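S.K.: Quick one: structure below, then a few questions.
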Amino acid sequence: MNKTIVTFDKNKFEEIRVGVKEYKGFDLIDFRVWVESKQAGEKVPTAKGLSLSVELFPKFKDALLQLEKVLRDNKMLPEERTA
């Protein structure tokens with residue numbers, strides 16, 4: 001499977017794409033910086049990013065949750081809103 005799940009701007013020149021891809025028979029989660037190619041006139045992936053085995057997703061998710069807690073505890077993120 002090669003599928004982009006989420007795309008968001010990193011800055012006015014770069015965007016980050018999060019997706020799932022297959023590489024040499026391995027299923028990977030890919031976080032990649034994409035930029036506009038002057039030659040092709042379209043966005044292309046750069047070497048900047050992170051690919052990790054789908055098997056590591058639970059550990060990665062746990063790490064993000066721990067990071068979120070530290071950021072919130074240190075007032076580095078806005079308070080969560082409740083509906």
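By order of appearance in the structure tokens: chains A, B, ..., then residues from 1 within every chain, and ligands from 1 in the order shown.
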Just the alpha helix (DSSP H) stuff from region 1-75 of chain A, please, per backbone DSSP, written as a list in words.

M.R.: Phe57, Pro58, Lys59, Phe60, Lys61, Asp62, Ala63, Leu64, Leu65, Gln66, Leu67, Glu68, Lys69, Val70, Leu71, Arg72 and Asp73 of chain A

S.K.: Restricting it to N, CA and C atoms, dump the selection as an mmCIF file, in the first residue's frame.

M.R.:
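Writing the result to selection-v5.cif gives the following:
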data_model
loop_
_atom_site.group_PDB
_atom_site.id
_atom_site.type_symbol
_atom_site.label_atom_id
_atom_site.label_comp_id
_atom_site.auth_asym_id
_atom_site.auth_seq_id
_atom_site.Cartn_x
_atom_site.Cartn_y
_atom_site.Cartn_z
ATOM 1 N N PHE A 57 4.530 0.997 15.434
ATOM 2 C CA PHE A 57 3.513 2.018 15.662
ATOM 3 C C PHE A 57 3.057 2.121 17.119
ATOM 4 N N PRO A 58 2.768 1.021 17.814
ATOM 5 C CA PRO A 58 2.346 1.169 19.218
ATOM 6 C C PRO A 58 3.373 1.897 20.087
ATOM 7 N N LYS A 59 4.648 1.621 19.902
ATOM 8 C CA LYS A 59 5.689 2.308 20.684
ATOM 9 C C LYS A 59 5.789 3.781 20.291
ATOM 10 N N PHE A 60 5.656 4.044 18.993
ATOM 11 C CA PHE A 60 5.724 5.419 18.512
ATOM 12 C C PHE A 60 4.540 6.229 19.053
ATOM 13 N N LYS A 61 3.354 5.639 19.015
ATOM 14 C CA LYS A 61 2.155 6.297 19.538
ATOM 15 C C LYS A 61 2.327 6.594 21.023
ATOM 16 N N ASP A 62 2.841 5.641 21.778
ATOM 17 C CA ASP A 62 3.076 5.847 23.203
ATOM 18 C C ASP A 62 4.067 6.991 23.422
ATOM 19 N N ALA A 63 5.108 7.043 22.607
ATOM 20 C CA ALA A 63 6.092 8.127 22.721
ATOM 21 C C ALA A 63 5.436 9.479 22.455
ATOM 22 N N LEU A 64 4.550 9.558 21.461
ATOM 23 C CA LEU A 64 3.860 10.815 21.165
ATOM 24 C C LEU A 64 2.939 11.227 22.306
ATOM 25 N N LEU A 65 2.270 10.262 22.910
ATOM 26 C CA LEU A 65 1.401 10.578 24.053
ATOM 27 C C LEU A 65 2.214 11.090 25.238
ATOM 28 N N GLN A 66 3.374 10.489 25.470
ATOM 29 C CA GLN A 66 4.250 10.974 26.544
ATOM 30 C C GLN A 66 4.756 12.378 26.232
ATOM 31 N N LEU A 67 5.111 12.617 24.968
ATOM 32 C CA LEU A 67 5.564 13.942 24.546
ATOM 33 C C LEU A 67 4.458 14.974 24.738
ATOM 34 N N GLU A 68 3.242 14.626 24.355
ATOM 35 C CA GLU A 68 2.120 15.546 24.527
ATOM 36 C C GLU A 68 1.939 15.927 25.994
ATOM 37 N N LYS A 69 2.042 14.956 26.884
ATOM 38 C CA LYS A 69 1.894 15.231 28.318
ATOM 39 C C LYS A 69 2.965 16.208 28.802
ATOM 40 N N VAL A 70 4.207 15.987 28.401
ATOM 41 C CA VAL A 70 5.289 16.894 28.805
ATOM 42 C C VAL A 70 5.051 18.294 28.246
ATOM 43 N N LEU A 71 4.635 18.391 26.989
ATOM 44 C CA LEU A 71 4.378 19.698 26.388
ATOM 45 C C LEU A 71 3.231 20.416 27.094
ATOM 46 N N ARG A 72 2.175 19.691 27.417
ATOM 47 C CA ARG A 72 1.037 20.306 28.129
ATOM 48 C C ARG A 72 1.426 20.696 29.551
ATOM 49 N N ASP A 73 2.150 19.816 30.243
ATOM 50 C CA ASP A 73 2.579 20.114 31.611
ATOM 51 C C ASP A 73 3.455 21.361 31.675
#

S.K.: Do you know which residues are at most 9 Å from Leu52 (chain A) counting only C-alpha atoms, after dropping those on the same chain fewer than 3 positions away, and could you put them as JSON, numbers by chain?

M.R.: {"A": [27, 28, 29, 30, 31, 55, 56, 57]}

S.K.: Any idea what's packed within 12 Å of Met1 (chain A), counting only C-alpha atoms, ignoring anything in its chain fewer than 3 positions away? Could you give it as a PyMOL selection string?

M.R.: chain A and resi 4-5+19-30+54

S.K.: Limited to N, CA and C atoms, could you put the picked residues into a file as a PDB file, in the first residue's frame?

M.R.:
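The resulting file, selection_20.pdb, is shown below:
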ATOM      1  N   THR A   4      -0.975   8.402   1.121  1.00  0.00           N
ATOM      2  CA  THR A   4      -0.787   9.560   1.991  1.00  0.00           C
ATOM      3  C   THR A   4      -2.045   9.711   2.831  1.00  0.00           C
ATOM      4  N   ILE A   5      -1.864   9.822   4.146  1.00  0.00           N
ATOM      5  CA  ILE A   5      -2.987   9.921   5.073  1.00  0.00           C
ATOM      6  C   ILE A   5      -3.274  11.376   5.441  1.00  0.00           C
ATOM      7  N   GLY A  19       2.122   9.036   5.789  1.00  0.00           N
ATOM      8  CA  GLY A  19       1.434   7.993   5.057  1.00  0.00           C
ATOM      9  C   GLY A  19       1.990   6.614   5.341  1.00  0.00           C
ATOM     10  N   VAL A  20       1.468   5.669   4.591  1.00  0.00           N
ATOM     11  CA  VAL A  20       1.892   4.280   4.679  1.00  0.00           C
ATOM     12  C   VAL A  20       2.433   3.897   3.309  1.00  0.00           C
ATOM     13  N   LYS A  21       3.564   3.205   3.299  1.00  0.00           N
ATOM     14  CA  LYS A  21       4.128   2.775   2.025  1.00  0.00           C
ATOM     15  C   LYS A  21       4.792   1.415   2.183  1.00  0.00           C
ATOM     16  N   GLU A  22       4.997   0.779   1.063  1.00  0.00           N
ATOM     17  CA  GLU A  22       5.722  -0.479   1.046  1.00  0.00           C
ATOM     18  C   GLU A  22       7.084  -0.214   0.408  1.00  0.00           C
ATOM     19  N   TYR A  23       8.129  -0.707   1.042  1.00  0.00           N
ATOM     20  CA  TYR A  23       9.477  -0.549   0.501  1.00  0.00           C
ATOM     21  C   TYR A  23      10.215  -1.870   0.678  1.00  0.00           C
ATOM     22  N   LYS A  24      10.614  -2.454  -0.436  1.00  0.00           N
ATOM     23  CA  LYS A  24      11.339  -3.732  -0.444  1.00  0.00           C
ATOM     24  C   LYS A  24      10.624  -4.799   0.387  1.00  0.00           C
ATOM     25  N   GLY A  25       9.309  -4.844   0.253  1.00  0.00           N
ATOM     26  CA  GLY A  25       8.525  -5.859   0.941  1.00  0.00           C
ATOM     27  C   GLY A  25       8.164  -5.538   2.379  1.00  0.00           C
ATOM     28  N   PHE A  26       8.560  -4.378   2.868  1.00  0.00           N
ATOM     29  CA  PHE A  26       8.257  -3.980   4.244  1.00  0.00           C
ATOM     30  C   PHE A  26       7.200  -2.880   4.251  1.00  0.00           C
ATOM     31  N   ASP A  27       6.221  -2.994   5.152  1.00  0.00           N
ATOM     32  CA  ASP A  27       5.219  -1.948   5.333  1.00  0.00           C
ATOM     33  C   ASP A  27       5.770  -0.920   6.305  1.00  0.00           C
ATOM     34  N   LEU A  28       5.778   0.338   5.864  1.00  0.00           N
ATOM     35  CA  LEU A  28       6.368   1.415   6.649  1.00  0.00           C
ATOM     36  C   LEU A  28       5.397   2.561   6.854  1.00  0.00           C
ATOM     37  N   ILE A  29       5.538   3.230   7.986  1.00  0.00           N
ATOM     38  CA  ILE A  29       4.882   4.505   8.231  1.00  0.00           C
ATOM     39  C   ILE A  29       5.923   5.549   7.851  1.00  0.00           C
ATOM     40  N   ASP A  30       5.523   6.516   7.031  1.00  0.00           N
ATOM     41  CA  ASP A  30       6.485   7.485   6.514  1.00  0.00           C
ATOM     42  C   ASP A  30       6.052   8.909   6.843  1.00  0.00           C
ATOM     43  N   VAL A  54       5.716  -0.604  10.501  1.00  0.00           N
ATOM     44  CA  VAL A  54       4.368  -0.555  11.053  1.00  0.00           C
ATOM     45  C   VAL A  54       4.330  -1.249  12.417  1.00  0.00           C
TER      46      VAL A  54
END

S.K.: Mind checking which residues fall within 8 Å of Val44 (chain A), counting only C-alpha atoms, ignoring those fewer than 3 positions away in the same chain, and posting them as an MDAnalysis selection string?

M.R.: chainID A and resid 34:37

S.K.: Generate the output file for the selected residues, C-alpha atoms, as a PDB file, in the first residue's frame.

M.R.:
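Output file again-v2.pdb follows:
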ATOM      1  CA  TRP A  34       8.052  17.508   0.440  1.00  0.00           C
ATOM      2  CA  VAL A  35       9.092  20.581  -1.575  1.00  0.00           C
ATOM      3  CA  GLU A  36       8.145  22.155  -4.886  1.00  0.00           C
ATOM      4  CA  SER A  37      10.411  20.950  -7.698  1.00  0.00           C
TER       5      SER A  37
END

S.K.: Could you please determine the separation between CA of Phe13 (chain A) and CA of Pro45 (chain A) in Å, to one decimal place?

M.R.: 12.6 Å

S.K.: From chain A, collect each residue whose DSSP state is strand (DSSP E or B) and return the set as number ranges by chain.

M.R.: A: 3-9, 14-23, 26-36, 43-53
